[in-house]
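Listing of run-v7.tsv; format and content: TSV, C-alpha atoms.
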```tsv
chain	number	residue	atom	x	y	z
A	211	MET	CA	-20.97	9.51	28.87
A	212	LEU	CA	-20.34	7.38	25.78
A	213	TRP	CA	-21.53	4.17	27.42
A	214	ARG	CA	-24.89	5.79	28.18
A	215	GLU	CA	-25.18	6.91	24.57
A	216	ILE	CA	-24.50	3.35	23.41
A	217	GLU	CA	-27.32	2.07	25.60
A	218	ALA	CA	-29.64	4.77	24.29
A	219	ALA	CA	-28.59	4.08	20.68
A	220	LYS	CA	-29.74	0.48	20.77
A	221	ALA	CA	-33.46	1.22	20.44
A	222	LYS	CA	-32.90	3.42	17.40
A	223	VAL	CA	-30.37	1.13	15.73
A	224	ASP	CA	-32.61	-1.91	16.23
A	225	GLN	CA	-35.16	-0.24	13.92
A	226	ALA	CA	-32.77	-0.46	10.98
A	227	ILE	CA	-30.65	-3.61	11.43
A	228	PHE	CA	-30.86	-7.38	11.55
A	229	ARG	CA	-30.05	-9.20	14.77
A	230	THR	CA	-27.13	-11.16	13.31
A	231	PRO	CA	-26.45	-14.76	14.35
A	232	MET	CA	-23.98	-15.75	17.07
A	233	ILE	CA	-22.76	-19.28	16.33
A	234	VAL	CA	-20.31	-21.71	17.89
A	235	SER	CA	-17.40	-22.79	15.67
A	236	ASP	CA	-16.55	-26.40	16.51
A	237	ALA	CA	-13.66	-26.33	14.05
A	238	LEU	CA	-11.97	-23.29	15.62
A	239	SER	CA	-12.74	-24.54	19.12
A	240	HIS	CA	-11.04	-27.85	18.32
A	241	LEU	CA	-8.04	-26.17	16.72
A	242	THR	CA	-7.45	-23.73	19.56
A	243	GLY	CA	-8.70	-25.47	22.71
A	244	LYS	CA	-11.08	-22.58	23.40
A	245	GLU	CA	-14.85	-22.21	23.07
A	246	VAL	CA	-15.06	-20.01	20.00
A	247	TYR	CA	-18.14	-18.06	18.92
A	248	LEU	CA	-18.57	-16.08	15.71
A	249	LYS	CA	-20.69	-12.92	15.60
A	250	LEU	CA	-21.74	-12.81	11.96
A	251	GLU	CA	-21.98	-9.15	11.02
A	252	ASN	CA	-21.16	-10.23	7.47
A	253	LEU	CA	-24.88	-11.12	7.36
A	254	GLN	CA	-25.91	-7.63	8.47
A	255	LYS	CA	-27.76	-5.29	6.10
A	256	THR	CA	-25.24	-3.96	3.53
A	257	GLY	CA	-22.95	-6.84	4.48
A	258	SER	CA	-21.19	-5.21	7.44
A	259	PHE	CA	-21.62	-3.62	10.88
A	260	LYS	CA	-21.34	-0.10	9.42
A	261	ILE	CA	-25.11	0.40	9.12
A	262	ARG	CA	-25.25	0.58	12.94
A	263	GLY	CA	-23.14	3.72	13.30
A	264	ALA	CA	-24.41	5.31	10.11
A	265	TYR	CA	-28.07	4.96	11.03
A	266	HIS	CA	-27.54	6.23	14.56
A	267	LYS	CA	-25.63	9.27	13.35
A	268	LEU	CA	-28.15	10.15	10.63
A	269	SER	CA	-31.11	9.65	12.95
A	270	ARG	CA	-29.67	12.39	15.18
A	271	LEU	CA	-29.46	15.02	12.41
A	272	ASN	CA	-31.86	17.95	12.72
A	273	PRO	CA	-34.30	18.71	9.86
A	274	SER	CA	-32.15	21.44	8.28
A	275	MET	CA	-29.09	19.16	8.17
A	276	ARG	CA	-31.14	16.36	6.66
A	277	LYS	CA	-32.41	18.71	3.98
A	278	GLY	CA	-28.88	19.55	2.86
A	279	GLY	CA	-27.93	15.90	2.46
A	280	VAL	CA	-24.87	14.04	3.71
A	281	ILE	CA	-21.45	13.14	2.37
A	282	ALA	CA	-19.10	10.36	3.49
A	283	ALA	CA	-15.84	8.69	2.46
A	284	SER	CA	-15.13	4.98	2.50
A	285	ALA	CA	-13.53	2.04	0.71
A	286	GLY	CA	-17.00	0.55	0.59
A	287	ASN	CA	-18.65	-0.64	3.80
A	288	HIS	CA	-19.23	2.76	5.42
A	289	ALA	CA	-20.39	4.08	2.05
A	290	GLN	CA	-22.99	1.33	1.81
A	291	GLY	CA	-24.09	1.84	5.41
A	292	VAL	CA	-24.54	5.59	4.96
A	293	ALA	CA	-26.28	5.13	1.60
A	294	LEU	CA	-28.84	2.69	3.03
A	295	ALA	CA	-29.35	4.67	6.25
A	296	SER	CA	-29.90	7.81	4.16
A	297	SER	CA	-32.45	6.06	1.99
A	298	LEU	CA	-34.33	4.77	5.05
A	299	LEU	CA	-34.45	8.30	6.49
A	300	GLY	CA	-35.16	10.12	3.21
A	301	ILE	CA	-31.80	11.92	3.01
A	302	ARG	CA	-29.71	12.51	-0.13
A	303	SER	CA	-26.22	11.00	0.13
A	304	THR	CA	-22.90	11.34	-1.68
A	305	MET	CA	-20.00	8.90	-1.18
A	306	VAL	CA	-16.34	9.53	-1.99
A	307	MET	CA	-14.56	6.25	-2.60
A	308	PRO	CA	-10.88	5.60	-3.49
A	309	GLN	CA	-10.27	5.06	-7.18
A	310	GLY	CA	-9.29	1.46	-6.52
A	311	ALA	CA	-12.45	0.66	-4.55
A	312	SER	CA	-14.06	-2.66	-5.43
A	313	LEU	CA	-16.48	-2.41	-8.35
A	314	ALA	CA	-18.90	-4.59	-6.40
A	315	LYS	CA	-18.86	-2.12	-3.49
A	316	GLN	CA	-19.33	0.83	-5.85
A	317	MET	CA	-22.33	-0.84	-7.47
A	318	ALA	CA	-23.81	-1.81	-4.10
A	319	THR	CA	-23.46	1.76	-2.81
A	320	ARG	CA	-25.32	3.10	-5.85
A	321	SER	CA	-28.01	0.44	-5.43
A	322	TYR	CA	-28.70	1.75	-1.90
A	323	GLY	CA	-29.28	5.22	-3.32
A	324	GLY	CA	-25.88	6.86	-2.86
A	325	GLU	CA	-24.12	9.01	-5.45
A	326	VAL	CA	-20.50	7.80	-5.87
A	327	ILE	CA	-17.46	10.01	-6.54
A	328	LEU	CA	-14.10	8.28	-7.06
A	329	TYR	CA	-11.09	10.15	-5.69
A	330	GLY	CA	-7.67	9.33	-4.24
A	331	GLN	CA	-5.57	6.23	-3.80
A	332	ASP	CA	-6.83	5.24	-0.35
A	333	VAL	CA	-9.44	6.01	2.31
A	334	ASP	CA	-7.35	8.80	3.86
A	335	GLU	CA	-7.19	10.76	0.58
A	336	ALA	CA	-10.90	10.17	-0.01
A	337	LEU	CA	-11.65	11.42	3.51
A	338	ARG	CA	-9.80	14.70	3.01
A	339	TYR	CA	-11.55	15.28	-0.31
A	340	ALA	CA	-14.99	14.51	1.14
A	341	LYS	CA	-14.44	16.94	4.02
A	342	GLY	CA	-13.61	19.63	1.48
A	343	LEU	CA	-16.78	18.97	-0.47
A	344	ALA	CA	-18.99	18.98	2.60
A	345	GLY	CA	-18.82	22.71	3.32
A	346	LYS	CA	-21.80	24.18	5.14
A	347	GLU	CA	-24.55	22.57	3.10
A	348	LYS	CA	-23.84	18.86	3.57
A	349	ALA	CA	-23.29	17.03	6.85
A	350	PHE	CA	-20.06	15.05	6.82
A	351	ILE	CA	-20.48	11.51	8.23
A	352	HIS	CA	-17.11	10.31	9.47
A	353	PRO	CA	-16.59	6.54	9.23
A	354	TYR	CA	-15.15	6.18	12.74
A	355	ASP	CA	-14.05	9.41	14.45
A	356	ASP	CA	-17.48	10.53	15.68
A	357	GLU	CA	-19.06	9.72	19.05
A	358	GLU	CA	-22.52	9.14	17.57
A	359	VAL	CA	-21.08	6.73	15.00
A	360	ILE	CA	-19.07	4.99	17.73
A	361	ALA	CA	-22.22	4.70	19.87
A	362	GLY	CA	-24.04	2.99	17.01
A	363	GLN	CA	-21.18	0.52	16.52
A	364	GLY	CA	-21.14	-0.11	20.27
A	365	THR	CA	-24.61	-1.68	20.09
A	366	LEU	CA	-22.80	-4.73	18.73
A	367	GLY	CA	-21.08	-5.03	22.12
A	368	LEU	CA	-24.46	-5.08	23.85
A	369	GLU	CA	-25.60	-7.93	21.62
A	370	ILE	CA	-22.45	-9.91	22.36
A	371	LEU	CA	-23.01	-9.59	26.11
A	372	GLU	CA	-26.64	-10.67	25.75
A	373	GLU	CA	-25.78	-13.68	23.59
A	374	VAL	CA	-22.64	-14.88	25.39
A	375	PRO	CA	-23.01	-13.47	28.92
A	376	ASP	CA	-19.91	-15.25	30.24
A	377	VAL	CA	-17.64	-14.25	27.35
A	378	GLU	CA	-13.99	-13.93	28.39
A	379	GLY	CA	-12.47	-12.35	25.30
A	380	ILE	CA	-13.62	-10.50	22.18
A	381	ILE	CA	-11.46	-10.14	19.07
A	382	VAL	CA	-12.32	-7.18	16.85
A	383	PRO	CA	-10.90	-5.87	13.55
A	384	VAL	CA	-9.36	-2.39	13.86
A	385	GLY	CA	-9.09	0.27	11.16
A	386	GLY	CA	-9.83	3.78	12.36
A	387	GLY	CA	-11.03	2.33	15.66
A	388	GLY	CA	-14.77	3.07	15.69
A	389	LEU	CA	-15.99	-0.50	16.10
A	390	ILE	CA	-13.53	-1.56	18.79
A	391	SER	CA	-14.04	1.74	20.65
A	392	GLY	CA	-17.79	1.19	20.84
A	393	ILE	CA	-17.50	-2.47	21.82
A	394	ALA	CA	-14.72	-1.85	24.37
A	395	THR	CA	-16.55	1.07	25.99
A	396	ILE	CA	-19.76	-0.80	26.74
A	397	VAL	CA	-18.19	-4.19	27.48
A	398	LYS	CA	-15.64	-2.77	29.92
A	399	LYS	CA	-18.41	-0.80	31.64
A	400	ARG	CA	-20.54	-3.89	32.17
A	401	ARG	CA	-17.89	-6.64	32.32
A	402	PRO	CA	-14.48	-5.07	33.11
A	403	ARG	CA	-12.65	-8.42	33.16
A	404	VAL	CA	-13.49	-9.29	29.54
A	405	LYS	CA	-10.37	-8.99	27.38
A	406	ILE	CA	-10.75	-6.81	24.27
A	407	ILE	CA	-8.24	-7.65	21.55
A	408	GLY	CA	-7.89	-5.69	18.34
A	409	VAL	CA	-6.40	-7.05	15.13
A	410	GLN	CA	-4.89	-5.23	12.16
A	411	SER	CA	-3.13	-6.19	8.95
A	412	SER	CA	0.65	-5.98	9.32
A	413	HIS	CA	0.55	-3.90	6.13
A	414	VAL	CA	-1.36	-1.04	7.82
A	415	PRO	CA	-0.72	-1.25	11.61
A	416	SER	CA	-1.80	2.30	12.46
A	417	ALA	CA	-3.38	1.66	15.87
A	418	LEU	CA	-0.57	-0.62	17.03
A	419	ALA	CA	2.09	1.87	15.96
A	420	SER	CA	0.25	4.66	17.78
A	421	LEU	CA	-0.02	2.62	20.97
A	422	ARG	CA	3.69	1.91	20.89
A	423	LYS	CA	4.53	5.59	20.38
A	424	LYS	CA	1.84	6.66	22.91
A	425	ARG	CA	0.61	9.21	20.38
A	426	ILE	CA	-1.22	9.10	17.07
A	427	VAL	CA	1.12	8.37	14.18
A	428	GLU	CA	0.45	7.89	10.49
A	429	VAL	CA	1.89	4.74	8.94
A	430	GLU	CA	2.77	3.81	5.39
A	431	ALA	CA	0.15	1.58	3.82
A	432	GLU	CA	0.92	-1.45	1.70
A	433	PRO	CA	-1.75	-3.26	-0.33
A	434	THR	CA	-3.78	-5.61	1.87
A	435	LEU	CA	-6.62	-8.09	1.58
A	436	ALA	CA	-8.12	-6.32	4.60
A	437	ASP	CA	-8.98	-3.16	2.67
A	438	GLY	CA	-11.87	-2.42	5.03
A	439	ILE	CA	-9.40	-1.65	7.85
A	440	ALA	CA	-6.61	-0.16	5.72
A	441	VAL	CA	-6.56	3.18	7.56
A	442	ARG	CA	-3.17	4.87	7.92
A	443	ARG	CA	-4.11	6.99	10.93
A	444	VAL	CA	-6.29	6.03	13.88
A	445	GLY	CA	-8.97	8.51	14.99
A	446	GLU	CA	-8.48	11.41	17.38
A	447	ILE	CA	-11.57	10.34	19.36
A	448	THR	CA	-10.99	6.60	19.10
A	449	PHE	CA	-7.31	6.54	20.09
A	450	PRO	CA	-7.79	7.56	23.76
A	451	ILE	CA	-10.57	4.97	24.05
A	452	ILE	CA	-8.30	2.29	22.62
A	453	GLN	CA	-5.53	3.32	25.03
A	454	LYS	CA	-7.89	3.05	27.99
A	455	SER	CA	-10.12	0.10	27.17
A	456	VAL	CA	-8.41	-2.21	24.66
A	457	ASP	CA	-6.14	-4.82	26.25
A	458	GLU	CA	-4.03	-5.66	23.22
A	459	ILE	CA	-3.66	-5.17	19.49
A	460	VAL	CA	-2.01	-7.79	17.29
A	461	THR	CA	-1.22	-7.87	13.57
A	462	VAL	CA	-1.66	-10.64	11.02
A	463	GLU	CA	0.06	-11.35	7.74
A	464	GLU	CA	-1.62	-11.46	4.34
A	465	ASP	CA	-1.17	-15.22	4.01
A	466	GLU	CA	-2.87	-15.66	7.39
A	467	ILE	CA	-5.82	-13.54	6.27
A	468	ALA	CA	-6.19	-15.55	3.07
A	469	SER	CA	-6.09	-18.82	5.02
A	470	ALA	CA	-8.72	-17.50	7.45
A	471	ILE	CA	-11.06	-16.55	4.60
A	472	LEU	CA	-10.68	-20.04	3.14
A	473	LEU	CA	-11.20	-21.77	6.50
A	474	LEU	CA	-14.42	-19.85	7.16
A	475	MET	CA	-15.72	-20.83	3.74
A	476	GLU	CA	-14.79	-24.49	4.01
A	477	ARG	CA	-15.66	-25.20	7.63
A	478	LYS	CA	-18.65	-22.90	8.24
A	479	ARG	CA	-19.80	-21.87	4.74
A	480	ILE	CA	-19.23	-18.25	5.79
A	481	VAL	CA	-18.10	-15.65	3.24
A	482	ALA	CA	-16.00	-13.00	4.98
A	483	GLU	CA	-14.02	-10.15	3.48
A	484	GLY	CA	-10.37	-9.70	4.44
A	485	ALA	CA	-11.08	-7.34	7.36
A	486	GLY	CA	-13.85	-9.60	8.64
A	487	ALA	CA	-11.57	-12.64	8.65
A	488	THR	CA	-8.73	-11.00	10.61
A	489	PRO	CA	-10.03	-12.15	14.04
A	490	VAL	CA	-9.86	-15.75	12.82
A	491	ALA	CA	-6.36	-15.13	11.45
A	492	ALA	CA	-5.29	-13.65	14.80
A	493	LEU	CA	-6.67	-16.60	16.76
A	494	LEU	CA	-4.99	-19.16	14.52
A	495	SER	CA	-1.68	-17.28	14.63
A	496	LYS	CA	-1.61	-18.07	18.38
A	497	GLN	CA	-0.89	-14.46	19.28
A	498	VAL	CA	-4.00	-14.21	21.44
A	499	LYS	CA	-2.84	-14.95	24.98
A	500	ILE	CA	-6.09	-15.98	26.67
A	501	LYS	CA	-6.39	-19.21	28.62
A	502	PRO	CA	-9.01	-21.67	27.36
A	503	GLY	CA	-12.36	-19.96	27.72
A	504	LYS	CA	-15.16	-18.35	25.74
A	505	LEU	CA	-14.04	-16.14	22.88
A	506	VAL	CA	-16.20	-14.13	20.48
A	507	LEU	CA	-14.74	-13.27	17.09
A	508	VAL	CA	-16.44	-10.37	15.33
A	509	ILE	CA	-16.77	-11.27	11.63
A	510	SER	CA	-17.29	-7.62	10.75
A	511	GLY	CA	-18.13	-7.84	7.04
A	512	GLY	CA	-18.62	-10.04	4.01
A	513	ASN	CA	-18.32	-7.64	1.09
A	514	ILE	CA	-15.58	-9.35	-0.86
A	515	ASP	CA	-15.16	-9.03	-4.61
A	516	VAL	CA	-15.86	-12.40	-6.27
A	517	HIS	CA	-12.80	-12.10	-8.52
A	518	LEU	CA	-10.58	-11.49	-5.49
A	519	LEU	CA	-12.26	-14.37	-3.70
A	520	ASP	CA	-11.32	-16.71	-6.55
A	521	ARG	CA	-7.66	-15.70	-6.23
A	522	ILE	CA	-7.75	-16.05	-2.45
A	523	ILE	CA	-9.20	-19.54	-2.68
A	524	GLU	CA	-6.48	-20.59	-5.11
A	525	LYS	CA	-3.76	-19.04	-2.97
A	526	GLY	CA	-5.13	-20.55	0.21
A	527	LEU	CA	-5.38	-24.01	-1.32
A	528	THR	CA	-1.78	-23.75	-2.54
A	529	GLN	CA	-0.50	-22.58	0.86
A	530	THR	CA	-2.14	-25.45	2.66
A	531	GLY	CA	-0.95	-28.05	0.15
A	532	ARG	CA	-4.42	-28.63	-1.24
A	533	MET	CA	-3.40	-27.60	-4.72
A	534	ALA	CA	-0.05	-27.95	-6.50
A	535	ARG	CA	1.45	-27.05	-9.85
A	536	PHE	CA	3.80	-29.46	-11.63
A	537	GLU	CA	5.81	-28.80	-14.78
A	538	VAL	CA	7.11	-32.03	-16.31
A	539	LEU	CA	9.24	-32.59	-19.42
A	540	LEU	CA	8.02	-35.56	-21.47
A	541	ARG	CA	9.62	-37.29	-24.42
A	542	ASP	CA	7.46	-36.33	-27.37
A	543	VAL	CA	6.29	-39.83	-28.26
A	544	PRO	CA	2.81	-41.38	-28.36
A	545	GLY	CA	1.49	-42.52	-24.99
A	546	SER	CA	3.81	-40.45	-22.79
A	547	LEU	CA	1.05	-38.11	-21.59
A	548	THR	CA	-1.25	-41.06	-20.84
A	549	LYS	CA	1.45	-42.68	-18.70
A	550	LEU	CA	1.99	-39.46	-16.76
A	551	THR	CA	-1.70	-38.92	-16.02
A	552	GLY	CA	-1.95	-42.59	-15.05
A	553	LEU	CA	0.88	-42.08	-12.56
A	554	VAL	CA	-0.95	-39.10	-11.07
A	555	ALA	CA	-4.09	-41.26	-10.76
A	556	GLN	CA	-2.10	-43.96	-8.93
A	557	HIS	CA	-1.17	-41.37	-6.33
A	558	GLN	CA	-4.87	-40.42	-6.02
A	559	ALA	CA	-4.44	-36.78	-7.04
A	560	ASN	CA	-7.11	-35.05	-9.09
A	561	ILE	CA	-6.10	-33.14	-12.23
A	562	LEU	CA	-7.84	-29.76	-12.21
A	563	HIS	CA	-6.14	-28.30	-15.27
A	564	ILE	CA	-3.61	-29.48	-17.84
A	565	VAL	CA	-1.56	-27.64	-20.49
A	566	HIS	CA	0.54	-29.44	-23.13
A	567	GLU	CA	3.25	-27.36	-24.88
A	568	ARG	CA	5.81	-28.17	-27.59
A	569	ALA	CA	6.88	-24.85	-29.10
A	570	ALA	CA	8.18	-22.83	-26.13
A	571	LEU	CA	11.84	-21.75	-26.37
A	572	ASP	CA	12.83	-23.48	-23.11
A	573	ILE	CA	11.64	-26.92	-24.32
A	574	PRO	CA	14.38	-29.14	-25.83
A	575	ILE	CA	13.79	-30.69	-29.25
A	576	GLY	CA	12.15	-34.08	-28.88
A	577	PHE	CA	10.37	-33.12	-25.68
A	578	SER	CA	7.11	-31.49	-24.68
A	579	LYS	CA	6.20	-29.74	-21.46
A	580	VAL	CA	3.12	-30.60	-19.47
A	581	ILE	CA	1.79	-28.26	-16.79
A	582	LEU	CA	-0.47	-30.00	-14.29
A	583	ILE	CA	-2.61	-28.26	-11.68
A	584	LEU	CA	-3.47	-30.92	-9.13
A	585	GLU	CA	-5.90	-31.15	-6.24
A	586	THR	CA	-3.96	-32.72	-3.36
A	587	ARG	CA	-4.48	-33.70	0.27
A	588	GLY	CA	-1.61	-31.72	1.76
A	589	PRO	CA	2.19	-31.23	1.80
A	590	ASP	CA	2.92	-34.94	2.47
A	591	HIS	CA	0.80	-35.92	-0.51
A	592	ILE	CA	2.65	-33.44	-2.72
A	593	ARG	CA	6.01	-34.87	-1.63
A	594	GLU	CA	4.74	-38.38	-2.38
A	595	ILE	CA	3.70	-37.36	-5.92
A	596	LYS	CA	7.00	-35.56	-6.50
A	597	LYS	CA	8.97	-38.63	-5.42
A	598	GLY	CA	6.85	-40.95	-7.57
A	599	VAL	CA	7.28	-38.76	-10.67
A	600	LYS	CA	11.06	-38.62	-10.26
A	601	GLU	CA	11.35	-42.37	-9.59
A	602	LYS	CA	9.67	-43.04	-12.95
A	603	GLY	CA	12.36	-41.00	-14.68
A	604	TYR	CA	10.37	-37.87	-15.46
A	605	VAL	CA	12.19	-34.52	-15.49
A	606	LEU	CA	10.41	-32.28	-12.98
A	607	GLN	CA	11.04	-28.65	-13.86
A	608	LYS	CA	9.08	-26.94	-11.14
A	609	LEU	CA	6.81	-27.67	-8.23
A	610	GLY	CA	4.84	-24.71	-6.90
```

Let me see whether you can do it: turn the structure in this file into structure tokens.
Amino acid sequence: MLWREIEAAKAKVDQAIFRTPMIVSDALSHLTGKEVYLKLENLQKTGSFKIRGAYHKLSRLNPSMRKGGVIAASAGNHAQGVALASSLLGIRSTMVMPQGASLAKQMATRSYGGEVILYGQDVDEALRYAKGLAGKEKAFIHPYDDEEVIAGQGTLGLEILEEVPDVEGIIVPVGGGGLISGIATIVKKRRPRVKIIGVQSSHVPSALASLRKKRIVEVEAEPTLADGIAVRRVGEITFPIIQKSVDEIVTVEEDEIASAILLLMERKRIVAEGAGATPVAALLSKQVKIKPGKLVLVISGGNIDVHLLDRIIEKGLTQTGRMARFEVLLRDVPGSLTKLTGLVAQHQANILHIVHERAALDIPIGFSKVILILETRGPDHIREIKKGVKEKGYVLQKLG
């Protein structure tokens, strides 16, 4: 039975992982009226939960399989988990990653001792290629559709039950389904009344689509911030487990994921990747239909590219009215720019960036264009600044 294997896996997995923190989020509790806990697997070795399943699987390989080495496919987190687990166990490892995989994740995988091959446009194409390379010599380590991998991921469910014994709901990111299958299996065995809720990006809703069709279907994938769960087809092993033990799967939009990443950074100083932030996005979207009670959100990973993080922060600040862009036409006379910046100061906005142009084709003769990037308090503050600028006779070209 899988639940027995999860219990047996814990002793082995504990040899290779950190016991990650479980913390209360006062901010999310206040916003939602629930008692919200965060299980911080973003602080796990390799930056995600994947080391659990990878180490358990590799520890079960016989000596001849270990000698031949292992091969895996991943957008990054599974690759890092397998690479580190292989290094700990003295096994050679090769990782096939999509060509668009984060440079940071590629570099991290190599730093853990894995050889990296870039192939395909997404995880599904990389998976097929890796299976072809495996042959008889190398053991293929599937990222989610393997009972031993699922058992390793399920140890996270055991920790949740130990740390929050009276938990009423657990929200888990879903890609191929390995993590939620492991958690749901052990939690439902020990606490059947606990609600297990999965969350996916609306851009790749493979598990949700399969549940609705009552069979596994492959979905079209659009680009998503949650690249760690961007799997077009749920697993053959994981799907029946999801059907049996998962109470609900919801989807979140890209803007909601970006806002969740920003909220975790601002309120808790937690860096989460897109997939890891989806439980927060789901909770804030008010799709989770659980009465006030104790909820655990699995922050599954923190391996986010710093360049992407910069864009997410900017986008999130703009969406929440914390940053605004003004384009103002000024008469090209001395002192006009000083008056405009003085007006902004009167409204207590902070100028983050300023560009002053005269030569662009869309600027009338005798005028200049000023682009202001402002730090603001919210939408009402932006409307106040906009009104004040117009009342002083300035021509406002654009507010974004």

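Here atom CA of Ile370 of chain A stands at a distance of 20.4 Å from atom CA of Val481 of chain A.
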
So what do you get for atom CA of Lys504 of chain A versus atom CA of Lys249 of chain A, distance-wise?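 Distance between the two atoms: 12.8 Å.
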
Compare A:Pro450, A:Gly387, A:Gly545, A:Val382 by their minimum atom-to-atom distance to Ala491 of chain A, counting only C-alpha atoms, and give me the closest one.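 Ranking A:Pro450, A:Gly387, A:Gly545, A:Val382 by distance to Ala491 of chain A, first place goes to A:Val382.
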
What is the distance between atom CA of Leu562 of chain A and atom CA of Ile480 of chain A, in Å to one decimal?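 Between atom CA of Leu562 of chain A and atom CA of Ile480 of chain A the gap works out to 24.2 Å.
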
Sorted by chain and rising residue number, list the residues of segment 363-474 of chain A at most 12 Å from segment 300-318 of chain A (counting only C-alpha atoms), each with its closest atom pair and distance in Å to one decimal, as a tab-separated table.
```
residue	atom	partner	partner_atom	distance
A:Pro433	CA	A:Gly310	CA	10.8
A:Leu435	CA	A:Ser312	CA	11.6
A:Asp437	CA	A:Ala311	CA	8.9
A:Gly438	CA	A:Ala311	CA	10.1
A:Ala440	CA	A:Pro308	CA	11.7
```

Around the point (-8.3, -15.2, 19.5) (coordinates from the file), which residues reach within 12 Å if we count only C-alpha atoms? Answer as a ChimeraX atom specification. /A:238-239,241-248,378-383,405-409,458-462,487-508

For each of A:Ser455, A:Arg535, A:Phe449, A:Leu389, take the minimum atom-to-atom distance to Arg403 of chain A, counting all atoms listed in the file, then give the residue where this is smallest.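 Nearest to Arg403 of chain A: A:Ser455.
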
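Ranking A:His566, A:Lys596, A:Arg532, A:Arg442 by their shortest atom-to-atom distance to Ser416 of chain A, with only C-alpha atoms included, puts A:Arg442 first.
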
Quick one: residues within 9 Å of Phe259 of chain A, all atoms listed in the file counted, chain neighbours fewer than 5 positions away excluded, as a PyMOL selection string? chain A and resi 251-254+287-288+291+363+366+389+510-511

Nearest to Ala470 of chain A, chosen from A:Ile261, A:Ser420, A:Ile522, A:Ile451, with all atoms listed in the file counted in the distances: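 Using all atoms listed in the file, the shortest distance to Ala470 of chain A belongs to A:Ile522.
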
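Closest to Glu483 of chain A among A:Val441, A:Val292, A:Ala436, A:Ala394 is A:Ala436, based on only C-alpha atoms.
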
Which residue of A:Ile575, A:Leu268, A:Ile514, A:Val599 approaches Gly552 of chain A most closely, using all atoms listed in the file: A:Val599

Fewer than 2 positions away in the same chain doesn't count, so skip those; otherwise give me all residues within 12 Å of Glu585 of chain A, counting all atoms listed in the file, as a PDB file with C-alpha atoms, in the coordinates of the input.
```pdb
ATOM      1  CA  GLU A 524      -6.480 -20.590  -5.110  1.00  0.00           C
ATOM      2  CA  LEU A 527      -5.380 -24.010  -1.320  1.00  0.00           C
ATOM      3  CA  THR A 528      -1.780 -23.750  -2.540  1.00  0.00           C
ATOM      4  CA  THR A 530      -2.140 -25.450   2.660  1.00  0.00           C
ATOM      5  CA  GLY A 531      -0.950 -28.050   0.150  1.00  0.00           C
ATOM      6  CA  ARG A 532      -4.420 -28.630  -1.240  1.00  0.00           C
ATOM      7  CA  MET A 533      -3.400 -27.600  -4.720  1.00  0.00           C
ATOM      8  CA  ALA A 534      -0.050 -27.950  -6.500  1.00  0.00           C
ATOM      9  CA  ARG A 535       1.450 -27.050  -9.850  1.00  0.00           C
ATOM     10  CA  PHE A 536       3.800 -29.460 -11.630  1.00  0.00           C
ATOM     11  CA  VAL A 554      -0.950 -39.100 -11.070  1.00  0.00           C
ATOM     12  CA  ALA A 555      -4.090 -41.260 -10.760  1.00  0.00           C
ATOM     13  CA  HIS A 557      -1.170 -41.370  -6.330  1.00  0.00           C
ATOM     14  CA  GLN A 558      -4.870 -40.420  -6.020  1.00  0.00           C
ATOM     15  CA  ALA A 559      -4.440 -36.780  -7.040  1.00  0.00           C
ATOM     16  CA  ASN A 560      -7.110 -35.050  -9.090  1.00  0.00           C
ATOM     17  CA  ILE A 561      -6.100 -33.140 -12.230  1.00  0.00           C
ATOM     18  CA  LEU A 562      -7.840 -29.760 -12.210  1.00  0.00           C
ATOM     19  CA  HIS A 563      -6.140 -28.300 -15.270  1.00  0.00           C
ATOM     20  CA  ILE A 564      -3.610 -29.480 -17.840  1.00  0.00           C
ATOM     21  CA  LEU A 582      -0.470 -30.000 -14.290  1.00  0.00           C
ATOM     22  CA  ILE A 583      -2.610 -28.260 -11.680  1.00  0.00           C
ATOM     23  CA  ARG A 587      -4.480 -33.700   0.270  1.00  0.00           C
ATOM     24  CA  GLY A 588      -1.610 -31.720   1.760  1.00  0.00           C
ATOM     25  CA  PRO A 589       2.190 -31.230   1.800  1.00  0.00           C
ATOM     26  CA  HIS A 591       0.800 -35.920  -0.510  1.00  0.00           C
ATOM     27  CA  ILE A 592       2.650 -33.440  -2.720  1.00  0.00           C
ATOM     28  CA  ILE A 595       3.700 -37.360  -5.920  1.00  0.00           C
TER      29      ILE A 595
END
```

Mind filling out segment 356-361 of chain A with N, CA and C atoms and sending it as a PDB file, keeping the file's coordinate frame?
```pdb
ATOM      1  N   ASP A 356     -16.267   9.785  15.345  1.00  0.00           N
ATOM      2  CA  ASP A 356     -17.480  10.530  15.680  1.00  0.00           C
ATOM      3  C   ASP A 356     -18.181   9.766  16.794  1.00  0.00           C
ATOM      4  N   GLU A 357     -18.492  10.426  17.897  1.00  0.00           N
ATOM      5  CA  GLU A 357     -19.060   9.720  19.050  1.00  0.00           C
ATOM      6  C   GLU A 357     -20.410   9.082  18.740  1.00  0.00           C
ATOM      7  N   GLU A 358     -21.208   9.720  17.896  1.00  0.00           N
ATOM      8  CA  GLU A 358     -22.520   9.140  17.570  1.00  0.00           C
ATOM      9  C   GLU A 358     -22.371   7.906  16.696  1.00  0.00           C
ATOM     10  N   VAL A 359     -21.387   7.931  15.807  1.00  0.00           N
ATOM     11  CA  VAL A 359     -21.080   6.730  15.000  1.00  0.00           C
ATOM     12  C   VAL A 359     -20.564   5.629  15.908  1.00  0.00           C
ATOM     13  N   ILE A 360     -19.630   5.974  16.794  1.00  0.00           N
ATOM     14  CA  ILE A 360     -19.070   4.990  17.730  1.00  0.00           C
ATOM     15  C   ILE A 360     -20.178   4.378  18.587  1.00  0.00           C
ATOM     16  N   ALA A 361     -21.116   5.204  19.046  1.00  0.00           N
ATOM     17  CA  ALA A 361     -22.220   4.700  19.870  1.00  0.00           C
ATOM     18  C   ALA A 361     -23.055   3.681  19.104  1.00  0.00           C
TER      19      ALA A 361
END
```
